[in-house]
file my_file-v9.pdb (PDB, C-alpha atoms)
MODEL        1
ATOM      1  CA  MET A1077      22.746 -11.177  -9.021
ATOM      2  CA  ALA A1078      21.905 -14.121  -6.827
ATOM      3  CA  GLN A1079      18.558 -15.373  -8.037
ATOM      4  CA  ASP A1080      17.501 -16.704  -4.664
ATOM      5  CA  ASN A1081      17.711 -13.247  -3.127
ATOM      6  CA  LEU A1082      14.490 -12.431  -4.897
ATOM      7  CA  GLU A1083      12.565 -15.036  -2.914
ATOM      8  CA  ARG A1084      12.652 -12.866   0.180
ATOM      9  CA  TYR A1085      10.234 -10.419  -1.458
ATOM     10  CA  LEU A1086       7.625 -13.095  -1.973
ATOM     11  CA  PRO A1087       4.746 -13.224  -1.602
ATOM     12  CA  LEU A1088       4.170  -9.567  -2.410
ATOM     13  CA  THR A1089       1.353  -7.755  -0.667
ATOM     14  CA  GLU A1090      -1.652  -7.004  -2.824
ATOM     15  CA  SER A1091      -0.697  -3.308  -2.950
ATOM     16  CA  THR A1092       2.903  -3.978  -3.955
ATOM     17  CA  TYR A1093       1.838  -6.518  -6.544
ATOM     18  CA  TYR A1094      -0.484  -4.048  -8.234
ATOM     19  CA  ILE A1095       2.004  -1.166  -8.000
ATOM     20  CA  LEU A1096       4.596  -3.274  -9.826
ATOM     21  CA  LEU A1097       2.014  -4.378 -12.404
ATOM     22  CA  ALA A1098       1.143  -0.749 -13.079
ATOM     23  CA  LEU A1099       4.785   0.265 -13.438
ATOM     24  CA  VAL A1100       5.554  -1.931 -16.430
ATOM     25  CA  GLU A1101       5.338   1.427 -18.120
ATOM     26  CA  PRO A1102       6.613   4.708 -16.664
ATOM     27  CA  LEU A1103       3.923   6.447 -14.656
ATOM     28  CA  HIS A1104       3.667   9.127 -11.994
ATOM     29  CA  GLY A1105       2.021   8.505  -8.642
ATOM     30  CA  TYR A1106      -1.530   9.452  -9.430
ATOM     31  CA  ALA A1107      -1.479   7.538 -12.709
ATOM     32  CA  VAL A1108      -0.392   4.437 -10.777
ATOM     33  CA  MET A1109      -3.481   4.720  -8.600
ATOM     34  CA  GLN A1110      -5.773   5.150 -11.589
ATOM     35  CA  ARG A1111      -4.174   2.302 -13.484
ATOM     36  CA  ILE A1112      -4.587  -0.055 -10.534
ATOM     37  CA  GLU A1113      -8.222   0.823 -10.044
ATOM     38  CA  GLY A1114      -8.909   0.427 -13.761
ATOM     39  CA  MET A1115      -7.029  -2.809 -14.271
ATOM     40  CA  SER A1116      -8.503  -4.484 -11.176
ATOM     41  CA  GLU A1117     -12.001  -3.432 -12.261
ATOM     42  CA  GLY A1118     -12.345  -1.404  -9.075
ATOM     43  CA  GLN A1119     -11.530  -4.364  -6.841
ATOM     44  CA  VAL A1120      -8.211  -2.990  -5.634
ATOM     45  CA  ARG A1121      -7.655   0.569  -4.573
ATOM     46  CA  VAL A1122      -4.324   1.921  -3.405
ATOM     47  CA  GLY A1123      -4.684   5.138  -1.452
ATOM     48  CA  ALA A1124      -2.417   8.152  -1.821
ATOM     49  CA  GLY A1125      -0.825   7.591   1.593
ATOM     50  CA  THR A1126      -0.249   3.897   1.006
ATOM     51  CA  LEU A1127       1.387   4.566  -2.348
ATOM     52  CA  TYR A1128       3.412   7.463  -0.967
ATOM     53  CA  ASN A1129       4.846   5.108   1.678
ATOM     54  CA  ALA A1130       5.457   2.270  -0.751
ATOM     55  CA  LEU A1131       7.330   4.112  -3.517
ATOM     56  CA  PRO A1132      10.470   5.049  -1.502
ATOM     57  CA  LEU A1133      10.630   1.498  -0.187
ATOM     58  CA  LEU A1134      10.443  -0.027  -3.656
ATOM     59  CA  LEU A1135      13.054   2.470  -4.850
ATOM     60  CA  LYS A1136      15.363   1.521  -2.001
ATOM     61  CA  GLU A1137      15.020  -2.158  -2.822
ATOM     62  CA  GLY A1138      15.762  -1.421  -6.463
ATOM     63  CA  LEU A1139      12.479  -2.906  -7.701
ATOM     64  CA  ILE A1140      11.534   0.362  -9.376
ATOM     65  CA  ALA A1141      13.553   3.372 -10.517
ATOM     66  CA  GLN A1142      12.826   6.993 -11.075
ATOM     67  CA  VAL A1143      12.930   7.682 -14.783
ATOM     68  CA  ASP A1144      11.980  11.253 -15.282
ATOM     69  CA  GLU A1145      10.896  14.292 -13.370
ATOM     70  CA  ASP A1146       8.866  17.065 -14.860
ATOM     71  CA  SER A1147       8.427  20.251 -12.888
ATOM     72  CA  ARG A1148       6.209  18.698 -10.260
ATOM     73  CA  ARG A1149       5.885  14.976 -10.692
ATOM     74  CA  LYS A1150       8.203  12.020 -10.433
ATOM     75  CA  TYR A1151       7.849   9.144 -12.846
ATOM     76  CA  TYR A1152       8.664   5.578 -11.910
ATOM     77  CA  HIS A1153       9.409   2.461 -13.917
ATOM     78  CA  LEU A1154       9.970  -1.203 -13.138
ATOM     79  CA  THR A1155      13.653  -2.265 -13.035
ATOM     80  CA  ALA A1156      15.015  -5.600 -14.287
ATOM     81  CA  LYS A1157      15.048  -6.797 -10.681
ATOM     82  CA  GLY A1158      11.492  -5.599 -10.151
ATOM     83  CA  LYS A1159      10.438  -7.407 -13.284
ATOM     84  CA  ALA A1160      12.061 -10.647 -12.090
ATOM     85  CA  VAL A1161      10.247 -10.392  -8.742
ATOM     86  CA  LEU A1162       6.969  -9.612 -10.448
ATOM     87  CA  LEU A1163       7.287 -12.597 -12.783
ATOM     88  CA  ARG A1164       7.881 -14.922  -9.838
ATOM     89  CA  GLN A1165       4.875 -13.516  -8.049
ATOM     90  CA  ILE A1166       2.733 -14.036 -11.143
ATOM     91  CA  GLU A1167       4.011 -17.606 -11.348
ATOM     92  CA  ARG A1168       2.901 -18.199  -7.754
ATOM     93  CA  LEU A1169      -0.496 -16.677  -8.415
ATOM     94  CA  VAL A1170      -1.019 -18.800 -11.514
ATOM     95  CA  VAL A1171      -0.400 -21.944  -9.460
ATOM     96  CA  MET A1172      -2.671 -20.657  -6.693
ATOM     97  CA  ALA A1173      -5.465 -19.878  -9.128
ATOM     98  CA  ARG A1174      -5.096 -23.285 -10.776
ATOM     99  CA  ASN A1175      -5.278 -25.021  -7.396
ATOM    100  CA  GLY A1176      -8.375 -23.053  -6.525
ATOM    101  CA  GLN A1177     -10.015 -23.918  -9.778
ATOM    102  CA  GLN A1178      -9.288 -27.638  -9.358
ATOM    103  CA  ILE A1179     -10.831 -27.612  -5.913
ATOM    104  CA  ARG A1180     -13.792 -25.602  -7.118
ATOM    105  CA  GLU A1181     -14.440 -28.180  -9.842
ATOM    106  CA  SER A1182     -14.202 -31.068  -7.418
ATOM    107  CA  LEU A1183     -16.657 -29.314  -5.142
ATOM    108  CA  GLY A1184     -18.985 -29.113  -8.120
TER     109      GLY A1184
ATOM    110  CA  MET B  25     -28.531  37.791   8.616
ATOM    111  CA  GLU B  26     -27.091  34.386   9.263
ATOM    112  CA  GLU B  27     -23.551  33.903  10.420
ATOM    113  CA  GLN B  28     -21.227  32.918   7.553
ATOM    114  CA  THR B  29     -18.241  31.720   9.519
ATOM    115  CA  LEU B  30     -17.980  29.730  12.693
ATOM    116  CA  ARG B  31     -15.047  29.297  15.025
ATOM    117  CA  ARG B  32     -15.114  26.290  17.246
ATOM    118  CA  THR B  33     -12.712  25.291  19.971
ATOM    119  CA  ARG B  34     -12.440  21.589  20.424
ATOM    120  CA  TRP B  35      -9.735  19.427  21.822
ATOM    121  CA  PHE B  36      -8.861  16.061  20.347
ATOM    122  CA  TRP B  37      -6.222  13.815  21.877
ATOM    123  CA  PRO B  38      -3.534  12.505  19.532
ATOM    124  CA  TRP B  39      -5.205   9.085  19.380
ATOM    125  CA  GLN B  40      -8.559  10.550  18.361
ATOM    126  CA  ASP B  41      -7.817  11.114  14.690
ATOM    127  CA  GLN B  42     -10.809   9.057  13.577
ATOM    128  CA  GLU B  43     -13.152  10.910  15.935
ATOM    129  CA  GLN B  44     -11.876  14.173  14.527
ATOM    130  CA  GLU B  45     -12.395  12.997  10.936
ATOM    131  CA  ARG B  46     -15.930  11.942  11.788
ATOM    132  CA  TRP B  47     -16.757  15.234  13.501
ATOM    133  CA  LEU B  48     -15.481  17.290  10.543
ATOM    134  CA  ARG B  49     -17.593  15.199   8.181
ATOM    135  CA  GLU B  50     -20.682  15.732  10.331
ATOM    136  CA  MET B  51     -20.026  19.485  10.286
ATOM    137  CA  SER B  52     -19.847  19.418   6.473
ATOM    138  CA  LEU B  53     -23.034  17.377   6.287
ATOM    139  CA  ALA B  54     -24.632  20.138   8.361
ATOM    140  CA  GLY B  55     -23.330  22.787   5.927
ATOM    141  CA  TRP B  56     -20.254  23.916   7.825
ATOM    142  CA  HIS B  57     -17.091  23.330   5.833
ATOM    143  CA  LEU B  58     -13.663  23.505   7.374
ATOM    144  CA  VAL B  59     -11.585  26.452   6.161
ATOM    145  CA  SER B  60      -8.586  26.290   8.453
ATOM    146  CA  LEU B  61      -7.416  24.639  11.625
ATOM    147  CA  GLY B  62      -5.186  25.741  14.447
ATOM    148  CA  PHE B  63      -4.348  24.567  17.928
ATOM    149  CA  ALA B  64      -7.659  23.062  19.117
ATOM    150  CA  THR B  65      -9.529  25.606  16.975
ATOM    151  CA  TYR B  66     -11.416  25.092  13.763
ATOM    152  CA  THR B  67     -12.854  27.681  11.396
ATOM    153  CA  PHE B  68     -15.822  26.745   9.245
ATOM    154  CA  ALA B  69     -17.613  28.527   6.426
ATOM    155  CA  ARG B  70     -21.325  28.202   5.791
ATOM    156  CA  GLY B  71     -22.372  26.456   2.578
ATOM    157  CA  GLU B  72     -24.591  23.837   1.080
ATOM    158  CA  PRO B  73     -24.464  20.571   3.030
ATOM    159  CA  LEU B  74     -21.912  18.345   1.296
ATOM    160  CA  ASP B  75     -20.542  14.907   2.052
ATOM    161  CA  TYR B  76     -16.902  15.826   2.478
ATOM    162  CA  VAL B  77     -14.779  12.994   3.829
ATOM    163  CA  TYR B  78     -11.867  14.229   5.940
ATOM    164  CA  ARG B  79      -8.639  12.325   6.463
ATOM    165  CA  LEU B  80      -5.753  13.125   8.783
ATOM    166  CA  ASP B  81      -2.208  12.022   8.106
ATOM    167  CA  CYS B  82       0.678  12.247  10.530
ATOM    168  CA  ARG B  83       3.939  13.270   8.911
ATOM    169  CA  ALA B  84       6.805  15.538   9.857
ATOM    170  CA  GLU B  85       9.001  16.304   6.906
ATOM    171  CA  SER B  86      11.365  18.886   5.476
ATOM    172  CA  LYS B  87       9.843  21.733   3.526
ATOM    173  CA  LYS B  88      10.823  20.352   0.142
ATOM    174  CA  ALA B  89       9.616  16.841   0.918
ATOM    175  CA  GLN B  90       6.381  18.292   2.243
ATOM    176  CA  GLU B  91       5.691  20.160  -0.975
ATOM    177  CA  GLU B  92       6.141  16.965  -2.932
ATOM    178  CA  TYR B  93       3.919  15.100  -0.485
ATOM    179  CA  LEU B  94       1.116  17.657  -0.732
ATOM    180  CA  GLN B  95       1.334  17.692  -4.525
ATOM    181  CA  PHE B  96       1.074  13.920  -4.525
ATOM    182  CA  PHE B  97      -2.118  14.052  -2.478
ATOM    183  CA  ARG B  98      -3.588  16.924  -4.512
ATOM    184  CA  ASP B  99      -3.007  14.942  -7.704
ATOM    185  CA  ALA B 100      -4.898  12.091  -6.117
ATOM    186  CA  GLY B 101      -7.908  14.350  -5.596
ATOM    187  CA  TRP B 102      -7.360  15.426  -1.993
ATOM    188  CA  GLU B 103      -7.941  19.025  -1.032
ATOM    189  CA  TYR B 104      -5.426  20.236   1.541
ATOM    190  CA  LEU B 105      -6.741  22.229   4.472
ATOM    191  CA  GLY B 106      -3.657  22.713   6.570
ATOM    192  CA  LYS B 107      -1.460  21.339   9.250
ATOM    193  CA  GLN B 108      -1.712  21.248  13.006
ATOM    194  CA  GLY B 109       1.358  19.869  14.738
ATOM    195  CA  SER B 110       2.395  16.961  12.561
ATOM    196  CA  TRP B 111      -1.194  16.280  11.451
ATOM    197  CA  HIS B 112      -2.095  17.175   7.881
ATOM    198  CA  CYS B 113      -5.770  17.545   7.105
ATOM    199  CA  PHE B 114      -7.224  16.566   3.712
ATOM    200  CA  ARG B 115     -10.723  16.190   2.365
ATOM    201  CA  GLN B 116     -12.478  14.819  -0.677
ATOM    202  CA  LEU B 117     -16.104  14.781  -1.732
ATOM    203  CA  ARG B 118     -17.580  11.362  -1.354
ATOM    204  CA  GLY B 119     -18.364   9.810  -4.707
ATOM    205  CA  ALA B 120     -20.241   6.623  -5.430
ATOM    206  CA  GLY B 121     -19.005   3.519  -3.672
ATOM    207  CA  ASP B 122     -16.631   3.203  -0.746
ATOM    208  CA  LEU B 123     -15.422   6.094   1.367
ATOM    209  CA  PRO B 124     -12.230   7.605  -0.038
ATOM    210  CA  GLU B 125      -9.190   6.553   1.996
ATOM    211  CA  ILE B 126      -5.573   7.660   2.052
ATOM    212  CA  TYR B 127      -4.468   4.341   3.542
ATOM    213  CA  THR B 128      -5.863   1.235   1.933
ATOM    214  CA  ASP B 129      -4.041  -1.526   3.766
ATOM    215  CA  ALA B 130      -3.342  -2.378   7.392
ATOM    216  CA  GLU B 131       0.428  -2.085   6.998
ATOM    217  CA  SER B 132       0.387   1.529   5.827
ATOM    218  CA  LYS B 133      -2.126   2.454   8.544
ATOM    219  CA  LEU B 134       0.289   0.978  11.072
ATOM    220  CA  GLN B 135       3.110   3.026   9.555
ATOM    221  CA  LYS B 136       1.102   6.180  10.151
ATOM    222  CA  TYR B 137       0.725   5.328  13.838
ATOM    223  CA  ARG B 138       4.420   4.434  14.080
ATOM    224  CA  ARG B 139       5.247   7.948  12.875
ATOM    225  CA  LEU B 140       2.801   9.340  15.412
ATOM    226  CA  LEU B 141       4.511   7.378  18.203
ATOM    227  CA  LEU B 142       7.830   8.862  17.184
ATOM    228  CA  THR B 143       6.523  12.446  17.260
ATOM    229  CA  LEU B 144       4.944  11.779  20.664
ATOM    230  CA  LEU B 145       7.885  10.105  22.319
ATOM    231  CA  THR B 146      10.940  12.012  21.089
ATOM    232  CA  PRO B 147      10.487  15.655  22.222
ATOM    233  CA  SER B 148      10.414  15.239  26.016
ATOM    234  CA  PRO B 149      13.534  13.005  26.381
ATOM    235  CA  LEU B 150      15.288  15.306  23.912
ATOM    236  CA  SER B 151      14.484  18.313  26.083
ATOM    237  CA  MET B 152      15.923  16.452  29.090
ATOM    238  CA  VAL B 153      19.171  15.832  27.207
ATOM    239  CA  VAL B 154      19.442  19.533  26.368
ATOM    240  CA  PHE B 155      18.587  20.453  29.963
ATOM    241  CA  LEU B 156      21.205  18.119  31.455
ATOM    242  CA  ALA B 157      23.835  19.350  28.994
ATOM    243  CA  ALA B 158      23.095  22.943  30.020
ATOM    244  CA  MET B 159      23.326  21.992  33.723
ATOM    245  CA  LYS B 160      26.683  20.368  33.124
ATOM    246  CA  LYS B 161      28.110  23.169  31.056
ATOM    247  CA  TYR B 162      27.102  25.952  33.435
ATOM    248  CA  PRO B 163      26.983  24.347  36.882
ATOM    249  CA  GLY B 164      25.418  26.384  39.654
ATOM    250  CA  ARG B 165      24.091  29.012  37.273
ATOM    251  CA  HIS B 166      20.515  27.785  37.223
ATOM    252  CA  PRO B 167      18.162  29.256  39.823
ATOM    253  CA  GLN B 168      16.235  26.679  41.803
ATOM    254  CA  TRP B 169      12.825  27.881  40.584
ATOM    255  CA  PHE B 170      13.928  27.260  37.014
ATOM    256  CA  VAL B 171      14.993  23.702  37.758
ATOM    257  CA  ILE B 172      11.754  22.986  39.627
ATOM    258  CA  MET B 173       9.689  24.494  36.838
ATOM    259  CA  TYR B 174      11.485  22.534  34.135
ATOM    260  CA  VAL B 175      11.256  19.255  36.023
ATOM    261  CA  SER B 176       7.513  19.729  36.645
ATOM    262  CA  ILE B 177       6.888  20.489  32.990
ATOM    263  CA  PHE B 178       9.016  17.513  32.020
ATOM    264  CA  VAL B 179       7.053  15.169  34.278
ATOM    265  CA  VAL B 180       3.651  16.323  32.987
ATOM    266  CA  TRP B 181       4.859  16.293  29.383
ATOM    267  CA  THR B 182       6.331  12.804  29.688
ATOM    268  CA  LEU B 183       3.214  11.451  31.397
ATOM    269  CA  TYR B 184       1.077  12.889  28.606
ATOM    270  CA  ALA B 185       3.362  11.350  25.963
ATOM    271  CA  VAL B 186       3.344   7.953  27.648
ATOM    272  CA  VAL B 187      -0.459   7.888  28.058
ATOM    273  CA  ALA B 188      -0.871   8.975  24.441
ATOM    274  CA  ALA B 189       1.639   6.368  23.268
ATOM    275  CA  VAL B 190      -0.209   3.600  25.137
ATOM    276  CA  LYS B 191      -3.488   4.700  23.532
ATOM    277  CA  VAL B 192      -1.862   4.726  20.089
ATOM    278  CA  LEU B 193      -0.350   1.289  20.703
ATOM    279  CA  MET B 194      -3.818   0.002  21.616
ATOM    280  CA  ARG B 195      -5.141   1.358  18.322
ATOM    281  CA  MET B 196      -2.260  -0.322  16.485
ATOM    282  CA  ASN B 197      -3.086  -3.570  18.220
ATOM    283  CA  GLU B 198      -6.674  -3.353  16.983
ATOM    284  CA  LEU B 199      -5.371  -2.814  13.469
ATOM    285  CA  LYS B 200      -3.167  -5.883  13.747
ATOM    286  CA  GLN B 201      -6.233  -7.947  14.665
ATOM    287  CA  ILE B 202      -8.043  -6.980  11.476
ATOM    288  CA  LYS B 203      -4.995  -7.503   9.296
ATOM    289  CA  PRO B 204      -5.698 -10.154   6.669
ATOM    290  CA  ILE B 205      -4.844 -13.609   8.002
TER     291      ILE B 205
ENDMDL
END

call {"tool": "encode", "arguments": {"input": "my_file-v9.pdb", "output": "structure tokens"}}
result
Amino acid sequence: MAQDNLERYLPLTESTYYILLALVEPLHGYAVMQRIEGMSEGQVRVGAGTLYNALPLLLKEGLIAQVDEDSRRKYYHLTAKGKAVLLRQIERLVVMARNGQQIRESLG
Amino acid sequence: MEEQTLRRTRWFWPWQDQEQERWLREMSLAGWHLVSLGFATYTFARGEPLDYVYRLDCRAESKKAQEEYLQFFRDAGWEYLGKQGSWHCFRQLRGAGDLPEIYTDAESKLQKYRRLLLTLLTPSPLSMVVFLAAMKKYPGRHPQWFVIMYVSIFVVWTLYAVVAAVKVLMRMNELKQIKPI
């Protein structure tokens, strides 16, 4: 797998970033929404329609995979590729946050 | 005795989804809750005034995909009220905080309007293709009144679709302006 191919996904949108964060463990759609709202302390909400559009796209790109299907719900999980993309995004955000903090300090 | 159900006829253009959502919410706030919807008709049942927030989604899918789609929305707390054309109508009681939304970013809102454009713009050219194929296959077998009638319907239909598409494109343009910079 060519590593540089992953760069084209970056930066992730806020919704995609949080969907991937939530899917470090297998979850079904609704659980993804709840997890995102909980983990972001209510700051980020991903609506049912937004998530319903995003999941097939992430599947197609191989960033997530379907792991299980009970009678009614599909479960999704981060793939190795998805994990690699997510880690790069986190790396970017860490730098961005650090830059912001430095500037904030200098502004006193 | 007071009337318990109410049937209202009201026409909304395809680009007036937000107006329709707002109107349905006002009806619920006045104690009339949507029960079902049909072509430009709405049936309401009398009840306590409630702050139901209505959301319309445009989606044309196969039966199996649709079931999955509706289940997905139900799981997320949306009550399904029915479908009119390719518009699906959902509602949810407003809780504390922001209004419940099915689309939470500009990109997915734009995707909804892209699907709407497709459902507006495909049927009339498609009908013309079928019409021309029929003309070619059975030449001289179509009475003149039929041709005139079809062409008139086609013209009106296409004009309607184009006007609607322009209106939808204007809405999409507004959305692009408020996209995060």

call {"tool": "atom_distance", "arguments": {"input": "my_file-v9.pdb", "atom1": "atom CA of Arg1174 of chain A", "atom2": "atom CA of Leu1139 of chain A"}}
result
27.1 Å

call {"tool": "closest_atom_pairs", "arguments": {"input": "my_file-v9.pdb", "of": "chain B", "to": "chain A", "cutoff": "7 Å", "atoms": "all atoms listed in the file", "output": "Markdown table"}}
result
| residue | atom | partner | partner_atom | distance |
| --- | --- | --- | --- | --- |
| B:Phe96 | CA | A:Gly1105 | CA | 6.9 |
| B:Phe97 | CA | A:Ala1124 | CA | 5.9 |
| B:Asp99 | CA | A:Tyr1106 | CA | 5.9 |
| B:Ala100 | CA | A:Tyr1106 | CA | 5.4 |
| B:Glu125 | CA | A:Gly1123 | CA | 5.8 |
| B:Ile126 | CA | A:Gly1123 | CA | 4.4 |
| B:Tyr127 | CA | A:Thr1126 | CA | 4.9 |
| B:Thr128 | CA | A:Gly1123 | CA | 5.3 |
| B:Ser132 | CA | A:Thr1126 | CA | 5.4 |

call {"tool": "closest_residue", "arguments": {"input": "my_file-v9.pdb", "among": "A:Leu1096, A:Leu1183, A:Leu1135, A:Leu1086", "to": "Leu1169 of chain A", "atoms": "only C-alpha atoms"}}
result
A:Leu1086

call {"tool": "atom_distance", "arguments": {"input": "my_file-v9.pdb", "atom1": "atom CA of Leu1134 of chain A", "atom2": "atom CA of Leu1099 of chain A"}}
result
11.3 Å

call {"tool": "resolve_selection", "arguments": {"input": "my_file-v9.pdb", "expression": "the PyMOL selection byres ((chain B and resi 137) around 10)", "output": "JSON, numbers by chain"}}
result
{"B": [39, 81, 82, 83, 132, 133, 134, 135, 136, 138, 139, 140, 141, 142, 143, 189, 192, 193, 195, 196]}

call {"tool": "write_last_selection", "arguments": {"input": "my_file-v9.pdb", "atoms": "C-alpha atoms", "output": "PDB file, in the coordinates of the input"}}
result
ATOM      1  CA  TRP B  39      -5.205   9.085  19.380  1.00  0.00           C
ATOM      2  CA  ASP B  81      -2.208  12.022   8.106  1.00  0.00           C
ATOM      3  CA  CYS B  82       0.678  12.247  10.530  1.00  0.00           C
ATOM      4  CA  ARG B  83       3.939  13.270   8.911  1.00  0.00           C
ATOM      5  CA  SER B 132       0.387   1.529   5.827  1.00  0.00           C
ATOM      6  CA  LYS B 133      -2.126   2.454   8.544  1.00  0.00           C
ATOM      7  CA  LEU B 134       0.289   0.978  11.072  1.00  0.00           C
ATOM      8  CA  GLN B 135       3.110   3.026   9.555  1.00  0.00           C
ATOM      9  CA  LYS B 136       1.102   6.180  10.151  1.00  0.00           C
ATOM     10  CA  ARG B 138       4.420   4.434  14.080  1.00  0.00           C
ATOM     11  CA  ARG B 139       5.247   7.948  12.875  1.00  0.00           C
ATOM     12  CA  LEU B 140       2.801   9.340  15.412  1.00  0.00           C
ATOM     13  CA  LEU B 141       4.511   7.378  18.203  1.00  0.00           C
ATOM     14  CA  LEU B 142       7.830   8.862  17.184  1.00  0.00           C
ATOM     15  CA  THR B 143       6.523  12.446  17.260  1.00  0.00           C
ATOM     16  CA  ALA B 189       1.639   6.368  23.268  1.00  0.00           C
ATOM     17  CA  VAL B 192      -1.862   4.726  20.089  1.00  0.00           C
ATOM     18  CA  LEU B 193      -0.350   1.289  20.703  1.00  0.00           C
ATOM     19  CA  ARG B 195      -5.141   1.358  18.322  1.00  0.00           C
ATOM     20  CA  MET B 196      -2.260  -0.322  16.485  1.00  0.00           C
TER      21      MET B 196
END

call {"tool": "atom_distance", "arguments": {"input": "my_file-v9.pdb", "atom1": "atom CA of His57 of chain B", "atom2": "atom CA of Arg34 of chain B"}}
result
15.4 Å

call {"tool": "resolve_selection", "arguments": {"input": "my_file-v9.pdb", "expression": "the PyMOL selection byres ((chain B and resi 32) around 12)", "output": "ChimeraX atom specification"}}
result
/B:29-31,33-35,47-48,51,56-69

call {"tool": "axis_aligned_box", "arguments": {"input": "my_file-v9.pdb", "around": "segment 1089-1095 of chain A", "padding_each_side": "6 Å", "output": "JSON"}}
result
{"center_x": 0.6, "center_y": -4.5, "center_z": -4.5, "size_x": 16.6, "size_y": 18.6, "size_z": 19.6}

call {"tool": "closest_residue", "arguments": {"input": "my_file-v9.pdb", "among": "B:Arg98, B:Glu85, B:Gln168, B:Tyr184", "to": "Trp37 of chain B", "atoms": "all atoms listed in the file"}}
result
B:Tyr184

call {"tool": "resolve_selection", "arguments": {"input": "my_file-v9.pdb", "expression": "the PyMOL selection byres ((chain A and resi 1083) around 12)", "output": "ChimeraX atom specification"}}
result
/A:1078-1082,1084-1088,1157-1158,1160-1165,1168

call {"tool": "residues_around", "arguments": {"input": "my_file-v9.pdb", "residues": "segment 116-120 of chain B", "least_positions_apart": "6", "cutoff": "6 Å", "atoms": "only C-alpha atoms", "output": "ChimeraX atom specification"}}
result
/B:75-77,102

call {"tool": "write_last_selection", "arguments": {"input": "my_file-v9.pdb", "atoms": "C-alpha atoms", "output": "compact mmCIF listing (two decimals), in the frame of the given file"}}
result
# COMPACT_ATOMS: atom_id res chain seq x y z
CA ASP B 75 -20.54 14.91 2.05
CA TYR B 76 -16.90 15.83 2.48
CA VAL B 77 -14.78 12.99 3.83
CA TRP B 102 -7.36 15.43 -1.99

call {"tool": "residues_near_point", "arguments": {"input": "my_file-v9.pdb", "point": "(-5.3, 14.3, 6.0)", "cutoff": "9 Å", "atoms": "only C-alpha atoms", "output": "list of chain:residue names"}}
result
B:Glu45, B:Tyr78, B:Arg79, B:Leu80, B:Asp81, B:Cys82, B:Trp102, B:Glu103, B:Tyr104, B:Leu105, B:Gly106, B:Lys107, B:Trp111, B:His112, B:Cys113, B:Phe114, B:Arg115, B:Ile126

call {"tool": "closest_residue", "arguments": {"input": "my_file-v9.pdb", "among": "A:Ile1112, A:Leu1103, A:Leu1097, A:Ala1141", "to": "Ala1156 of chain A", "atoms": "only C-alpha atoms"}}
result
A:Ala1141

call {"tool": "residues_around", "arguments": {"input": "my_file-v9.pdb", "residues": "segment 153-161 of chain B", "least_positions_apart": "5", "cutoff": "9 Å", "atoms": "all atoms listed in the file", "output": "MDAnalysis selection string"}}
result
chainID B and resid 148 166 174

call {"tool": "decode", "arguments": {"input": "my_file-v9.pdb", "residues": "segment 1080-1091 of chain A", "atoms": "N, CA and C atoms", "output": "tab-separated table (two decimals), in the first residue's frame"}}
result
chain	number	residue	atom	x	y	z
A	1080	ASP	N	1.65	7.32	0.58
A	1080	ASP	CA	1.27	8.68	0.22
A	1080	ASP	C	-0.17	8.79	-0.28
A	1081	ASN	N	-0.73	7.66	-0.71
A	1081	ASN	CA	-2.12	7.66	-1.12
A	1081	ASN	C	-3.05	8.16	-0.03
A	1082	LEU	N	-2.64	7.95	1.20
A	1082	LEU	CA	-3.51	8.31	2.32
A	1082	LEU	C	-3.65	9.82	2.46
A	1083	GLU	N	-2.65	10.55	1.96
A	1083	GLU	CA	-2.68	12.01	2.12
A	1083	GLU	C	-3.89	12.64	1.45
A	1084	ARG	N	-4.41	11.98	0.42
A	1084	ARG	CA	-5.52	12.60	-0.30
A	1084	ARG	C	-6.79	12.67	0.53
A	1085	TYR	N	-6.84	11.91	1.64
A	1085	TYR	CA	-8.04	11.98	2.49
A	1085	TYR	C	-7.97	13.14	3.47
A	1086	LEU	N	-6.81	13.75	3.56
A	1086	LEU	CA	-6.59	14.74	4.62
A	1086	LEU	C	-6.71	16.16	4.11
A	1087	PRO	N	-7.17	17.11	4.90
A	1087	PRO	CA	-7.73	16.87	6.23
A	1087	PRO	C	-9.14	16.29	6.15
A	1088	LEU	N	-9.49	15.47	7.11
A	1088	LEU	CA	-10.84	14.92	7.17
A	1088	LEU	C	-11.82	16.00	7.59
A	1089	THR	N	-13.06	15.88	7.16
A	1089	THR	CA	-14.07	16.80	7.68
A	1089	THR	C	-14.32	16.44	9.14
A	1090	GLU	N	-14.91	17.37	9.86
A	1090	GLU	CA	-15.19	17.13	11.27
A	1090	GLU	C	-16.05	15.87	11.45
A	1091	SER	N	-17.07	15.72	10.58
A	1091	SER	CA	-17.95	14.55	10.70
A	1091	SER	C	-17.17	13.26	10.48
